[in-house]
Amino acid sequence: MSQHLLTVDSLQRESVDHLLRVAARMEPIASRRQVTRVLEGAVLGNLFFEASTRTRVSFNAAFCRLGGSVCDTTGFTFSSMAKGESLYDTSRVMSGYCDAIVMRHPDQGSVAEFAAATHVPVINGGDGPGEHPSQALLDLYTIDKEFYRLGKSLNGAHILLTGDLKYGRTVHSLIKLLSLYDPMRITLVSPPGLEMPSKLIDLVTSRGHRVEQRDSLASDFSDLDVVYTTRIQKERFTDEMNESFQGLSDDFMVNRDFLDQRCSQSTMVMHPLPRDSRPGANDLNVDLNGDSRLAIFRQTDNGIPMRMAIFATLLKVDDLIEKDLRPVHWFVPAQIGTLDR
Ligand code: ASP
């Protein structure tokens with residue numbers, strides 16, 4: 001694995017498999033049965049210049065669960081970028097304070113520009129419509145775990161990516177990551193104008209995968225293994241698109257009817273979250289809450305072991321974890337969510 005995690009392009013199949021194995025070793029710590037201090041004394045700089053709940057908090061929690069500490073800043077208003085500071089200067093300054101840096105920024109390519117100024121590991125926490133590599137890794141880790149439980153294999157799997165495939169950075173990273181694996185069938189369904197960039201489709205096809213584009217969910221998906229649905233990224237729309245976009249029609253709605261009538265009992269549902277629950281948004285329906293096929297909260301939980309694995313690998317303590325485990329003494333509920341199944 002290279003020094004930074006900026007894009008899935010820098011990952012080889014072996015480094016992804018390594019991260020999946022290290023994440024599995026982090027499970028007892030992530031699920032609060034054991035503690036480690038392998039990163040005691042290390043400091044993470046968490047720089048988020050765009051809205052975030054999961055990514056920011058889970059990177060923070062993952063670093064703390066490895067024994068490190070976190071300094072963070074959110075939004076441009078309270079950072080020196082509001083005074084015109086360049087990415088280069090910010091990067092060099094932060095690198096003097098921190099042992100690893102996670103950055104989210106609205107401009108595609110900005111995290112790579114930031115990383116070019118430092119030898120301290122930098123992780124892309126999302127660069128505009130570009131990429132979100134740690135999300136793709138935790139998504140793959142989720143698919144791997146769920147498939148293991150269901151006795152399925154990635155080889156020949158049928159995966160549906162739906163929603164905003166143009167601006168959704170998580171699907172950009174995920175489709176590239178999946179393409180490193182054995183041939184599978186990937187179906188893409190998005191509203192007009194929000195299709196997956198053709199260069200990504202070409203890349204995946206050139207690696208031997210079968211990619212099909214459809215214009216609605218109103219067809220047979222009975223052999224579907226995963227439906228991965230995404231939010232419409234309205235914050236990235238041009239003014240013209242904002243005026244013309246009428247909202248997501250029912251043809252794109254992932255809900256209990258879609259799953260019961262068009263998919264199967266073993267189709268799992270994923271979403272990078274947040275889901276837009278405002279009226280008319282037609283994002284992933286809450287009527288699936290409590291259905292065991294809904295994997296979204298298992299998916300968010302998986303963000304912790306995977307992000308721990310990323311830090312441990314980049315900071316080269318991945319081999320020390322087993323030697324540094326102690327039991328947890330505080331109260332931990334047997335089940336985290338009240339509807340968990
Ligand atoms: N949380 C994800 C991201 O930051 C997905 C989303 O915002 O819709 O890309």
# chains A, B, ... in the order shown; residues from 1 in each chain; ligands from 1
$ residues_near_ligand --ligand "ligand 1" --cutoff "9 Å" --atoms "only C-alpha atoms and all ligand atoms" --output "PyMOL selection string"
chain A and resi 50-55+104+125-129+131-132+135+164+167-171+230-233+271-276
$ closest_atom_pairs --of "region 101-157 of chain A" --to "region 178-194 of chain A" --cutoff "8 Å" --atoms "only C-alpha atoms" --output "JSON lines"
{"residue": "A:Leu140", "atom": "CA", "partner": "A:Leu178", "partner_atom": "CA", "distance": 7.5}
{"residue": "A:Leu154", "atom": "CA", "partner": "A:Asp182", "partner_atom": "CA", "distance": 6.9}
{"residue": "A:Asn155", "atom": "CA", "partner": "A:Asp182", "partner_atom": "CA", "distance": 5.0}
{"residue": "A:Gly156", "atom": "CA", "partner": "A:Met184", "partner_atom": "CA", "distance": 4.3}
{"residue": "A:Ala157", "atom": "CA", "partner": "A:Met184", "partner_atom": "CA", "distance": 5.1}
$ closest_residue --among "A:Arg32, A:Leu259, A:Ala312, A:Arg298" --to "Trp330 (chain A)" --atoms "only C-alpha atoms"
A:Arg32
$ select_by_dssp --residues "region 138-172 of chain A" --states "strand (DSSP E or B)" --output "list in words"
His158, Ile159, Leu160, Leu161 and Thr162 of chain A
$ residues_around --residues "Asp250 (chain A)" --least-positions-apart "4" --cutoff "10 Å" --atoms "only C-alpha atoms" --output "PDB file with C-alpha atoms, in the first residue's frame"
ATOM      1  CA  SER A 216     -35.495   2.246 -13.842  1.00  0.00           C
ATOM      2  CA  LEU A 217     -35.836  -0.345 -11.096  1.00  0.00           C
ATOM      3  CA  ALA A 218     -39.077  -1.622 -12.620  1.00  0.00           C
ATOM      4  CA  VAL A 254     -35.784   1.131  -2.954  1.00  0.00           C
ATOM      5  CA  ASN A 255     -38.413   0.022  -0.444  1.00  0.00           C
ATOM      6  CA  GLY A 280     -40.329  13.778  -1.803  1.00  0.00           C
ATOM      7  CA  ASN A 282     -37.550   9.133  -2.383  1.00  0.00           C
ATOM      8  CA  ASP A 283     -34.275   7.958  -0.898  1.00  0.00           C
TER       9      ASP A 283
END
$ select_by_dssp --residues "region 120-288 of chain A" --states "helix (DSSP H, G or I)" --output "PyMOL selection string"
chain A and resi 133-150+169-178+198-206+234-236+239-244+250-252+256-262+286-288
$ atom_distance --atom1 "CA of Met26 (chain A)" --atom2 "CA of Gly303 (chain A)"
11.0 Å
$ closest_residue --among "A:Val227, A:Ser110, A:Thr7, A:Ser153" --to "Ser173 (chain A)" --atoms "only C-alpha atoms"
A:Thr7
$ residues_around --residues "Gly67 (chain A)" --least-positions-apart "3" --cutoff "6 Å" --atoms "only C-alpha atoms" --output "VMD selection string"
chain A and resid 37 39 to 40 64
$ atom_distance --atom1 "CA of Arg214 (chain A)" --atom2 "CA of Phe237 (chain A)"
22.2 Å
$ decode --residues "region 47-58 of chain A" --atoms "all heavy atoms" --output "PDB file, in the first residue's frame"
ATOM      1  N   LEU A  47      -9.475  16.928   9.290  1.00  0.00           N
ATOM      2  CA  LEU A  47      -9.839  18.218   8.691  1.00  0.00           C
ATOM      3  C   LEU A  47     -11.041  18.037   7.781  1.00  0.00           C
ATOM      4  O   LEU A  47     -10.929  17.432   6.720  1.00  0.00           O
ATOM      5  CB  LEU A  47      -8.690  18.756   7.827  1.00  0.00           C
ATOM      6  CG  LEU A  47      -7.320  18.902   8.467  1.00  0.00           C
ATOM      7  CD1 LEU A  47      -6.346  19.500   7.460  1.00  0.00           C
ATOM      8  CD2 LEU A  47      -7.410  19.812   9.679  1.00  0.00           C
ATOM      9  N   PHE A  48     -12.174  18.535   8.184  1.00  0.00           N
ATOM     10  CA  PHE A  48     -13.398  18.348   7.390  1.00  0.00           C
ATOM     11  C   PHE A  48     -13.950  19.687   6.938  1.00  0.00           C
ATOM     12  O   PHE A  48     -14.461  20.461   7.735  1.00  0.00           O
ATOM     13  CB  PHE A  48     -14.429  17.534   8.190  1.00  0.00           C
ATOM     14  CG  PHE A  48     -14.153  16.054   8.073  1.00  0.00           C
ATOM     15  CD1 PHE A  48     -13.070  15.489   8.719  1.00  0.00           C
ATOM     16  CD2 PHE A  48     -14.937  15.252   7.270  1.00  0.00           C
ATOM     17  CE1 PHE A  48     -12.766  14.133   8.563  1.00  0.00           C
ATOM     18  CE2 PHE A  48     -14.659  13.899   7.111  1.00  0.00           C
ATOM     19  CZ  PHE A  48     -13.561  13.341   7.760  1.00  0.00           C
ATOM     20  N   PHE A  49     -13.821  19.948   5.628  1.00  0.00           N
ATOM     21  CA  PHE A  49     -14.292  21.209   5.056  1.00  0.00           C
ATOM     22  C   PHE A  49     -15.627  21.032   4.337  1.00  0.00           C
ATOM     23  O   PHE A  49     -16.010  21.846   3.512  1.00  0.00           O
ATOM     24  CB  PHE A  49     -13.229  21.769   4.101  1.00  0.00           C
ATOM     25  CG  PHE A  49     -11.936  22.056   4.803  1.00  0.00           C
ATOM     26  CD1 PHE A  49     -10.810  21.293   4.550  1.00  0.00           C
ATOM     27  CD2 PHE A  49     -11.848  23.070   5.750  1.00  0.00           C
ATOM     28  CE1 PHE A  49      -9.611  21.539   5.208  1.00  0.00           C
ATOM     29  CE2 PHE A  49     -10.660  23.332   6.421  1.00  0.00           C
ATOM     30  CZ  PHE A  49      -9.541  22.562   6.145  1.00  0.00           C
ATOM     31  N   GLU A  50     -16.289  19.902   4.617  1.00  0.00           N
ATOM     32  CA  GLU A  50     -17.613  19.611   4.055  1.00  0.00           C
ATOM     33  C   GLU A  50     -18.368  18.838   5.119  1.00  0.00           C
ATOM     34  O   GLU A  50     -17.748  18.179   5.964  1.00  0.00           O
ATOM     35  CB  GLU A  50     -17.447  18.689   2.835  1.00  0.00           C
ATOM     36  CG  GLU A  50     -17.976  19.240   1.567  1.00  0.00           C
ATOM     37  CD  GLU A  50     -18.082  18.197   0.474  1.00  0.00           C
ATOM     38  OE1 GLU A  50     -17.869  17.001   0.697  1.00  0.00           O
ATOM     39  OE2 GLU A  50     -18.397  18.613  -0.638  1.00  0.00           O
ATOM     40  N   ALA A  51     -19.706  18.865   5.021  1.00  0.00           N
ATOM     41  CA  ALA A  51     -20.535  18.198   6.032  1.00  0.00           C
ATOM     42  C   ALA A  51     -20.166  16.726   6.178  1.00  0.00           C
ATOM     43  O   ALA A  51     -19.847  16.052   5.196  1.00  0.00           O
ATOM     44  CB  ALA A  51     -21.998  18.305   5.617  1.00  0.00           C
ATOM     45  N   SER A  52     -20.197  16.248   7.414  1.00  0.00           N
ATOM     46  CA  SER A  52     -19.915  14.832   7.671  1.00  0.00           C
ATOM     47  C   SER A  52     -20.346  14.473   9.082  1.00  0.00           C
ATOM     48  O   SER A  52     -20.178  15.272  10.003  1.00  0.00           O
ATOM     49  CB  SER A  52     -18.415  14.572   7.556  1.00  0.00           C
ATOM     50  OG  SER A  52     -18.115  13.256   7.938  1.00  0.00           O
ATOM     51  N   THR A  53     -20.911  13.302   9.235  1.00  0.00           N
ATOM     52  CA  THR A  53     -21.155  12.778  10.580  1.00  0.00           C
ATOM     53  C   THR A  53     -20.346  11.491  10.715  1.00  0.00           C
ATOM     54  O   THR A  53     -19.399  11.407  11.483  1.00  0.00           O
ATOM     55  CB  THR A  53     -22.655  12.462  10.797  1.00  0.00           C
ATOM     56  OG1 THR A  53     -23.399  13.643  10.575  1.00  0.00           O
ATOM     57  CG2 THR A  53     -22.916  11.959  12.212  1.00  0.00           C
ATOM     58  N   ARG A  54     -20.731  10.480   9.921  1.00  0.00           N
ATOM     59  CA  ARG A  54     -20.110   9.140   9.999  1.00  0.00           C
ATOM     60  C   ARG A  54     -18.613   9.156   9.775  1.00  0.00           C
ATOM     61  O   ARG A  54     -17.852   8.596  10.554  1.00  0.00           O
ATOM     62  CB  ARG A  54     -20.670   8.240   8.892  1.00  0.00           C
ATOM     63  CG  ARG A  54     -21.763   7.321   9.279  1.00  0.00           C
ATOM     64  CD  ARG A  54     -22.599   7.075   8.050  1.00  0.00           C
ATOM     65  NE  ARG A  54     -23.122   8.351   7.610  1.00  0.00           N
ATOM     66  CZ  ARG A  54     -24.212   8.905   8.115  1.00  0.00           C
ATOM     67  NH1 ARG A  54     -24.929   8.267   8.990  1.00  0.00           N
ATOM     68  NH2 ARG A  54     -24.622  10.094   7.736  1.00  0.00           N
ATOM     69  N   THR A  55     -18.195   9.737   8.654  1.00  0.00           N
ATOM     70  CA  THR A  55     -16.781   9.622   8.283  1.00  0.00           C
ATOM     71  C   THR A  55     -15.910  10.302   9.336  1.00  0.00           C
ATOM     72  O   THR A  55     -14.925   9.738   9.809  1.00  0.00           O
ATOM     73  CB  THR A  55     -16.556  10.228   6.879  1.00  0.00           C
ATOM     74  OG1 THR A  55     -17.483   9.627   5.991  1.00  0.00           O
ATOM     75  CG2 THR A  55     -15.156   9.965   6.380  1.00  0.00           C
ATOM     76  N   ARG A  56     -16.306  11.506   9.722  1.00  0.00           N
ATOM     77  CA  ARG A  56     -15.487  12.262  10.680  1.00  0.00           C
ATOM     78  C   ARG A  56     -15.448  11.553  12.028  1.00  0.00           C
ATOM     79  O   ARG A  56     -14.377  11.331  12.599  1.00  0.00           O
ATOM     80  CB  ARG A  56     -16.060  13.686  10.834  1.00  0.00           C
ATOM     81  CG  ARG A  56     -15.206  14.609  11.675  1.00  0.00           C
ATOM     82  CD  ARG A  56     -15.682  16.046  11.542  1.00  0.00           C
ATOM     83  NE  ARG A  56     -17.069  16.211  11.953  1.00  0.00           N
ATOM     84  CZ  ARG A  56     -17.465  16.406  13.210  1.00  0.00           C
ATOM     85  NH1 ARG A  56     -16.581  16.472  14.186  1.00  0.00           N
ATOM     86  NH2 ARG A  56     -18.742  16.548  13.488  1.00  0.00           N
ATOM     87  N   VAL A  57     -16.629  11.169  12.515  1.00  0.00           N
ATOM     88  CA  VAL A  57     -16.668  10.557  13.855  1.00  0.00           C
ATOM     89  C   VAL A  57     -16.034   9.162  13.847  1.00  0.00           C
ATOM     90  O   VAL A  57     -15.333   8.790  14.782  1.00  0.00           O
ATOM     91  CB  VAL A  57     -18.120  10.518  14.399  1.00  0.00           C
ATOM     92  CG1 VAL A  57     -18.171   9.796  15.738  1.00  0.00           C
ATOM     93  CG2 VAL A  57     -18.666  11.938  14.533  1.00  0.00           C
ATOM     94  N   SER A  58     -16.248   8.411  12.771  1.00  0.00           N
ATOM     95  CA  SER A  58     -15.703   7.044  12.797  1.00  0.00           C
ATOM     96  C   SER A  58     -14.193   7.039  12.598  1.00  0.00           C
ATOM     97  O   SER A  58     -13.495   6.208  13.177  1.00  0.00           O
ATOM     98  CB  SER A  58     -16.414   6.128  11.807  1.00  0.00           C
ATOM     99  OG  SER A  58     -16.148   6.511  10.499  1.00  0.00           O
TER     100      SER A  58
END
